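Engineer: What follows is a single structure, and I will ask about it in a moment.
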Amino acid sequence: MSSALTDLCPHPIVQAPMAGGVSVPQLAAAVSEAGGLGFLAAGYKTADGMYEDIKQLRGLTGRPFGVNLFMPQPEYPGPGAGGAAGTAPHPPATVDVYAHQLAGEASWYETELGDPDSGRDDGYDAKLAVLLDNPVPVVSFHFGVPGPDILESLRRAGTLTLATATTVEEALAVQRAGADAVIAQGVEAGGHQGTHRDLPEADGSGVGLLSLIAQVCETVDIPVVAAGGIMRGSQIAAVLAAGAVAAQLGTAFLATPESGANAVHKQALTNPLFVRTELTRAFSGRPARGLVNRFMREHGPYAPPAYPEIHHLTSPLRKAAAKAGDAQGMALWAGQGHRMARDLPAGRLVEVLAAELDAARTALSVFPAAGGDR
């Protein structure tokens, strides 16, 4: 199976699907054309919008690519309910409290807060129908894993399937469901952690990528793709040595000209003003890693574990901040290696990463064995 995945592209380099307008067709095409595996992010898009992106991408490249879907979020348990698996224990009233706290932000940016009840499934069924009718080479899933029947349907359509896991237990769930490979996402990763269940007590914690790869590779039999803070070819070599078959990079591609990220976001990656990243619920209600800014500091400690309600609520604020060029009010998603971002065209970046990978492998091959001649 690892060959089925890695045979799709000459280099073991996967461009992470970054929702919110970052992973546009131009970016995915440039990565795939250079020998990596480009990805479209269907998250926050309509099914029609996703299909238009797929058609545009197919017009730009004939190479394999992937599409990422967000799993539907379960409803909150009602009054007196025991808190079903996968649901957050906080009642919707906490969203109202947070909305009241954000009133000053809405006034400052001269906009209204969004409707938190704008939907919980992200158009999942409609998007899945499109992907079954018009199969793509690869489909990956975030925030959970589909049932075996859905994965089997995609397999019959000729699509390879992957799902994100942040723990060994989640990786086992991915394998049991029948996915072709698992994406092991370390806590270093930028953007949303792909946890299958949003557990409030897990805020700020998580397993580092190299430790996670080792544990997952010793536990599951399916191929592992490594994700989290990878910015250099030498790091790709490290995760391959640890057992992964490929590396998925997001922040590294966010700064490229082909990326759809806001220019302010791109510049912030290497701006000395932003010195670190943190996991926060401030913008979406789910743990996501971004550059620490004013909005995160002021609101992160009070944001409830309510996704996607908080995402819908803050959406107009984030758009207004981006329009104003105000980095202090934007969701500046970034991994821990953000200061290593390079302003290179996406295709050139793939070439540089591949060359760095080859150099690292060569260096390892000539390194003397322990106890041998020096």
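Letters A, B, ... mark the chains of the structure tokens in the order given; residue numbers begin at 1 per chain; ligand numbers begin at 1, in order shown.
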Can you pull out the residues contacting Gln215 in chain A? Cut-off 12 Å, using only C-alpha atoms, and skip same-chain residues under 5 positions away; I want them as a PyMOL selection string.
Structural biologist: chain A and resi 165-172+184+186+207-210+220-221+224+242-244
Engineer: Run DSSP on the backbone and tell me which residues of range 135-342 of chain A come out as alpha helix (DSSP H); list them as a ChimeraX atom specification.
Structural biologist: /A:148-156,168-177,209-217,233-241,251-254,263-268,294-299,309-324
Engineer: So that I can see what lies close to Ile54 in chain A, please list as a list in words the residues with an atom at most 9 Å from it, counting only C-alpha atoms and leaving out residues fewer than 2 positions away in the same chain.
Structural biologist: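 Non-adjacent residues within range: Pro25, Leu40, Gly49, Met50, Tyr51, Glu52, Gln56, Leu57, Arg58, Gly59, Val67 and Val136 of chain A.
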Engineer: Once you have the residues from the selection above, write them out as a compact mmCIF listing (two decimals), in the first residue's frame, restricted to N, CA, C and O atoms.
Structural biologist:
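So the final result, stored in part-v8.txt, reads:
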# COMPACT_ATOMS: atom_id res chain seq x y z
N PRO A 25 -6.26 26.15 -6.30
CA PRO A 25 -5.80 25.27 -7.39
C PRO A 25 -4.40 25.59 -7.89
O PRO A 25 -3.64 24.68 -8.24
N LEU A 40 -6.21 20.20 -2.44
CA LEU A 40 -7.24 21.22 -2.28
C LEU A 40 -7.90 21.05 -0.93
O LEU A 40 -8.07 19.92 -0.46
N GLY A 49 -18.48 24.92 -4.92
CA GLY A 49 -17.19 25.61 -4.88
C GLY A 49 -16.03 24.62 -4.94
O GLY A 49 -15.02 24.87 -5.62
N MET A 50 -16.17 23.51 -4.23
CA MET A 50 -15.15 22.46 -4.27
C MET A 50 -15.01 21.90 -5.68
O MET A 50 -13.89 21.72 -6.19
N TYR A 51 -16.14 21.64 -6.33
CA TYR A 51 -16.12 21.07 -7.68
C TYR A 51 -15.47 22.03 -8.67
O TYR A 51 -14.70 21.62 -9.55
N GLU A 52 -15.74 23.32 -8.52
CA GLU A 52 -15.12 24.31 -9.41
C GLU A 52 -13.61 24.32 -9.23
O GLU A 52 -12.85 24.46 -10.19
N GLN A 56 -10.84 23.45 -12.06
CA GLN A 56 -9.77 24.39 -12.37
C GLN A 56 -8.40 23.72 -12.21
O GLN A 56 -7.51 23.91 -13.05
N LEU A 57 -8.25 22.92 -11.17
CA LEU A 57 -6.98 22.23 -10.93
C LEU A 57 -6.69 21.25 -12.06
O LEU A 57 -5.54 21.15 -12.54
N ARG A 58 -7.70 20.54 -12.51
CA ARG A 58 -7.50 19.59 -13.60
C ARG A 58 -7.11 20.29 -14.90
O ARG A 58 -6.45 19.69 -15.76
N GLY A 59 -7.50 21.54 -15.03
CA GLY A 59 -7.09 22.31 -16.20
C GLY A 59 -5.66 22.80 -16.11
O GLY A 59 -5.08 23.22 -17.12
N VAL A 67 -7.98 15.93 -2.28
CA VAL A 67 -9.00 16.85 -1.76
C VAL A 67 -9.26 16.47 -0.30
O VAL A 67 -9.39 15.28 0.01
N VAL A 136 -11.39 11.66 -7.53
CA VAL A 136 -10.05 12.25 -7.56
C VAL A 136 -9.07 11.21 -7.03
O VAL A 136 -9.48 10.22 -6.41
Engineer: Just give me the gap between CA of Pro345 in chain A and CA of Ala29 in chain A in Å, one decimal is fine.
Structural biologist: 11.8 Å
Engineer: From the list A:Ala30, A:Ala41, A:Leu254, A:Ala103, which residue is nearest Leu313 in chain A when using only C-alpha atoms?
Structural biologist: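 For Leu313 in chain A, the nearest of the candidates is A:Ala103.
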Engineer: Could you check the closest approach to Arg286 in chain A for each of A:Val139, A:Leu199, A:Val14, A:Val352 and tell me which residue wins, using only C-alpha atoms?
Structural biologist: A:Leu199
Engineer: With distances taken over only C-alpha atoms, which residue among A:Pro308, A:Pro64, A:Asn271, A:Thr314 lies nearest Asn293 in chain A?
Structural biologist: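 That would be A:Asn271, the residue with the smallest distance to Asn293 in chain A.
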Engineer: Skipping near chain neighbours, those fewer than 5 positions away, what residues fall within 10 Å of range 323-331 of chain A using only C-alpha atoms, listed as a count of residues only?
Structural biologist: 28
Engineer: I'd like the contact shell of Arg155 in chain A - 12 Å cut-off, only C-alpha atoms, skipping same-chain residues fewer than 2 positions apart - returned as a PyMOL selection string.
Structural biologist: chain A and resi 131-132+135-139+148-153+157-162+178-180
Engineer: Write out as a list in words the set of residues from range 265-333 of chain A that DSSP, computed on the backbone, places in strand (DSSP E or B).
Structural biologist: Thr277, Glu278, Leu279, Thr280, Ala288, Arg289, Gly290, Leu291 and Trp333 of chain A
Engineer: Counting only C-alpha atoms, which of A:Glu188, A:Glu33, A:Glu110, A:Asp133 gets nearest to Leu60 in chain A?
Structural biologist: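 Ranking A:Glu188, A:Glu33, A:Glu110, A:Asp133 by distance to Leu60 in chain A, first place goes to A:Glu33.
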Engineer: Measuring between only C-alpha atoms, which one of A:Glu309, A:Asp117, A:Asp343, A:Glu75 shows the shortest distance to Glu258 in chain A?
Structural biologist: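 Checking each candidate against Glu258 in chain A, we get A:Asp343 as the closest.
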Engineer: Quote the spacing between CA of Thr219 in chain A and CA of Ala16 in chain A in Å to one decimal place.
Structural biologist: 24.0 Å
Engineer: Of the residues A:Lys319, A:Val350, A:His11, A:Arg342, which is the one nearest to Gly114 in chain A, using only C-alpha atoms?
Structural biologist: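 For Gly114 in chain A, the nearest of the given residues is A:Lys319.
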Engineer: So how far away is CA of Ala303 in chain A from CA of His192 in chain A, in Å?
Structural biologist: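 A separation of 14.9 Å between them.
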Engineer: Do a neighbour search on Leu344 in chain A at 8 Å with only C-alpha atoms, toss out local chain neighbours closer than 5 positions, and write the hits as a ChimeraX atom specification.
Structural biologist: /A:255-257,349
